[in-house]
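Asker: Sending over a structure as structure tokens; questions will come in a sec.
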Amino acid sequence: MKKSFEKLGFIIQNNRFSVLLIAFLFIIISMQGAQLIEMKAGTETFVGKDSPLYQNYDHLYQNIFQTQSIVVMVEGNEVRNADLMEAVDRLEHQLAATDGVIETTSPASLIKTINYKTTGRYELPETNEEIEAIIDGNPSIFSQIIPDNTHMLISVVMAGSANDKTQQDILTATEDAVPFAEFPPSYNIIVTGDPAFQISMNKEMNSSMGVLLGLSAIFMVIVLLLVFRHVRWCLLPLPVVLLGIVYTFGAMGYVGIPMSMVSMSAFPILIGVGIDYAIQFHNRLEEELQEKGNKTRAVIETVKHTGPAVLIALVMTALGFFSLFTSTVPMIQDFGKLLLIGIAMCYLSSIFVGVVTISIFDNYSDKNPLRKVANKIKPANSRKQKKPEGENGSNHLIGNLLQKTTDLTIKYDVIVLGIACLLCFSGLYLDQSVPIQTDVQEFVPQDMPSLVDLKHMGDIMGGSDELNLIIKVDDTANPDVLKWIDQFSEHEVATSSHIYSASSIVSLVKERNGGVIPDTSQEIEDIYSEIPEAQKNRYMYGKNMLLLNFNIGNAVSDIKVMGIKELTTIVKQDMQWMPAPPGITATITGNSVVFIEVITALTSGRIAMTFLGLVLVLAGLYIVYRDWVKALVPIIPMVIVIGWSGGVMSYLNISYTPLTATLGALILGVGSEYAVLMMERYFEEKDKGQSPMEAIHMASSKIGSAIVASGATTVFGFMALLASPFPMIADFGMVTVIDVVLALLATFVVFPPLIVFLDTWRDRRKGARTTEKETEIKKQIQGAEI
């Protein structure tokens, strides 16, 4: 492999300006690709499109039955007011012609309908007393939209499958129409609803992305100035890795990876991980330039030695990230794709653009006339005496500290490894009690106005979570089917404390037939013909499909995932105990059911992800090195860190979310890089004839400072996540910052005694075998002589 990279070094050195030109062309191509990136936060980001769950939810429920509403909530002293109803009526008239609006529902339109039935006039009564009489006389009709005398709801209904642009257009039209409706000044008007919340969340994601990347870059500048100042142009790794991020954005658009809450957090991670590659190449090239003086040879040696080492570390990182593909949640899979593409782009940017730029800077630095003058002014002996690498400032201090740490951990190796393993097992035990966050609203900024409005509406109106039963029948007008739906609905509402009400086509039929279901199909068909299409389409599709909705209030936040799962199981059991007429099948679906499967997949899948990542990294290391010691040594510290991470989450009371569920794979991917780089340098020094103790000392002093710089930049990159307004991302940032620190700690505390112990033990075994073979040969020779 090193011969191939040596040839690559020749090519890079001899074609430096061509490399930069190609890099610039790829920037232009990437900018075009970045424009293709889409924002997504819908069901398709949680559930795979080829899964039966998604097929039932999307094809049967969302595209056929589901509607979603922009809600205008009116609050004031008394909503049963004639002037207020006139304003509501004006609002409905303005919105009725808006593209994508199926219907509008409000107290005003219901009052007009009831007034038409009693007086023959489809208009609003003129007095407050008449309006109050109609509302008080029909509590079952108005209770859902006038929960009390001070609140009223107006629903602007659109199809459940409406795309983002349609939702945005309807929301904008609603917000624009409110002032023109001329509501009385004593009333507060709030435009809210799930679509408004989703649109606001997407905007917040877009705006916070720039902030996260900007903060990450600022933190990188600070840490590079602190820990990487022993080299020239210490800030250069930052633009190199940012170039890799630009390439990643382009690839993201071309490959079709959407931007979501999870993928958004990948970029600070990539800056933190990718800058490691730029730092390693930069550090080694500066070392070669100082030691060899031959500029051409320095580039070749850097690419020859650092290229394979960093590539192996990248492959191990990629294998850790590859385990994310075992998740059944599409946004986790997209997260994995983005990380894999990103680290590859950062590596290419580092080995080509980073190395070439330093080489060119070094040439121009020598030609700088000011530098020549300065060199003439300096005494000759001061120019000749160069400080060896590692003897400058912070680098010297870090090197000394790492050497002392290495000595200490090797001296007390049994105690160090014993304490590390004990804390690991304790963390794995505590990890089982880490809670799971199931409420999506808890993932977003809690002071986001659209969320505040949505929660305010929920407090007034109660929850709106539902279980949706799609019922396939031979004939939607079959009286036996409707009677079964009616009986089953009443039973579930009466027996389950978490099912508050039921709605179906049966309610509309009974309302128009004196509260009873007709006995013949023809009578039912006649009633169907009287029901407005918009109302009928909510519960019936063609001649073979009906919908039954169970209102389960705030189940997601109240009874959590396990409660909803148990409730779903009870409904299924009740359907067996109270069977439907022959030929009928019922499928339970809806947002709550989908959400259950998502959380289950996230939480149960994280252990499998971590285990697969361990197996993949171990197998990858063994394939690369063909040496079980070299395969095990980088893995063991990361297994220990995974255990520590569970203890950290338990101690900080941080819940598992779609992001924190990926921590095992991330620790493997990020942390194994440090151990691989240390191990590569250890065996490089040992191949030069050093003893294990000398080799680990040299590795700590030579590459330890670069690893500390890399780790520090990674930590600072993740620290940008702490500033995210999204609690899910901020919690993830906190845990990953701690985990990267723990990975560095394991690299310099657990790794040295581990590798020295195993390598020394293996050398003794080899020595013992060699001695035995020599003894056996001597005996055979002596026997032959006799």
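Letters for chains follow the order of the structure tokens (A, B, ...), residue numbers begin at 1 for each chain, and ligand numbers begin at 1 in the order shown.
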Which polymer residues have any atom within 6 Å of an atom of Pro258 (chain A), counting only C-alpha atoms, with same-chain residues fewer than 4 positions away left out, as a list in words?

Answerer: Ile37, Glu38 and Met39 of chain A

Asker: Find the residues of region 144-239 of chain A that sit at most 12 Å from region 346-366 of chain A; for each, write down the nearest two atoms and how far apart they are in Å, to one decimal. Count only C-alpha atoms. Sort by chain, then by number going up, and give it as JSON lines.

Answerer:
```
{"residue": "A:Val231", "atom": "CA", "partner": "A:Ile358", "partner_atom": "CA", "distance": 10.8}
{"residue": "A:Arg232", "atom": "CA", "partner": "A:Ile358", "partner_atom": "CA", "distance": 8.9}
{"residue": "A:Trp233", "atom": "CA", "partner": "A:Ile358", "partner_atom": "CA", "distance": 8.2}
{"residue": "A:Cys234", "atom": "CA", "partner": "A:Ile358", "partner_atom": "CA", "distance": 10.4}
{"residue": "A:Leu235", "atom": "CA", "partner": "A:Ile358", "partner_atom": "CA", "distance": 11.4}
{"residue": "A:Leu236", "atom": "CA", "partner": "A:Gly354", "partner_atom": "CA", "distance": 7.7}
{"residue": "A:Pro237", "atom": "CA", "partner": "A:Gly354", "partner_atom": "CA", "distance": 7.2}
{"residue": "A:Leu238", "atom": "CA", "partner": "A:Gly354", "partner_atom": "CA", "distance": 9.9}
{"residue": "A:Pro239", "atom": "CA", "partner": "A:Gly354", "partner_atom": "CA", "distance": 8.9}
```

Asker: Next, write the just-selected residues to a file, as a CSV table (one decimal), in the first residue's frame, keeping N, CA, C and O atoms as the atom set.

Answerer:
```csv
chain,number,residue,atom,x,y,z
A,231,VAL,N,3.1,24.6,14.4
A,231,VAL,CA,3.4,24.5,13.0
A,231,VAL,C,3.1,25.8,12.3
A,231,VAL,O,2.4,26.6,12.9
A,232,ARG,N,3.6,26.0,11.1
A,232,ARG,CA,3.2,27.2,10.4
A,232,ARG,C,1.8,27.1,9.8
A,232,ARG,O,1.4,26.0,9.5
A,233,TRP,N,1.2,28.2,9.6
A,233,TRP,CA,-0.1,28.2,9.0
A,233,TRP,C,-1.1,27.3,9.7
A,233,TRP,O,-1.7,26.4,9.1
A,234,CYS,N,-1.1,27.4,11.0
A,234,CYS,CA,-1.9,26.5,11.9
A,234,CYS,C,-3.4,26.5,11.6
A,234,CYS,O,-4.1,25.6,12.0
A,235,LEU,N,-3.9,27.6,11.0
A,235,LEU,CA,-5.3,27.6,10.7
A,235,LEU,C,-5.7,27.0,9.4
A,235,LEU,O,-6.9,26.9,9.0
A,236,LEU,N,-4.7,26.5,8.6
A,236,LEU,CA,-5.0,26.0,7.3
A,236,LEU,C,-5.9,24.8,7.3
A,236,LEU,O,-6.7,24.6,6.4
A,237,PRO,N,-5.8,23.9,8.3
A,237,PRO,CA,-6.7,22.7,8.3
A,237,PRO,C,-8.2,23.1,8.2
A,237,PRO,O,-9.0,22.3,7.7
A,238,LEU,N,-8.5,24.3,8.8
A,238,LEU,CA,-9.9,24.6,8.8
A,238,LEU,C,-10.5,24.9,7.4
A,238,LEU,O,-11.5,24.3,7.0
A,239,PRO,N,-9.9,25.7,6.5
A,239,PRO,CA,-10.4,25.8,5.2
A,239,PRO,C,-10.3,24.6,4.4
A,239,PRO,O,-11.2,24.3,3.5
```

Asker: Check the smallest atom-to-atom distance from each of A:Ile415, A:Leu8, A:Ile703, A:Met679 to Val303 (chain A) using only C-alpha atoms, then report the winner.

Answerer: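 Checking each of A:Ile415, A:Leu8, A:Ile703, A:Met679 against Val303 (chain A), counting only C-alpha atoms, the winner is A:Leu8.
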
Asker: Quick one: residues within 10 Å of Met205 (chain A), only C-alpha atoms counted, chain neighbours fewer than 6 positions away excluded, as a list in words?

Answerer: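 Selected residues are Met39, Ile199, Met259, Ser260, Met261, Met264, Val444, Ser724, Pro725 and Phe726 of chain A.
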
Asker: For each of A:Leu668, A:Ile640, A:Leu632, A:Ile114, take the minimum atom-to-atom distance to Phe322 (chain A), counting only C-alpha atoms, then give the residue where this is smallest.

Answerer: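 Going through A:Leu668, A:Ile640, A:Leu632, A:Ile114 one by one, the smallest distance to Phe322 (chain A) is for A:Leu668.
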
Asker: I want to know what sits within 9 Å of region 138-151 of chain A, based on only C-alpha atoms, with residues of the same chain fewer than 6 positions away left out; could you give that as a list in words?

Answerer: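 Selected residues are Met73, Val74, Glu75, Gly76, Asn77, Glu78, Val79, Arg80, Thr105, Ser106, Pro107, Leu110, Ile460 and Met461 of chain A.
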
Asker: Closest to Val262 (chain A) among A:His230, A:His305, A:Lys337, A:His93, using only C-alpha atoms?

Answerer: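 Closest candidate: A:Lys337.
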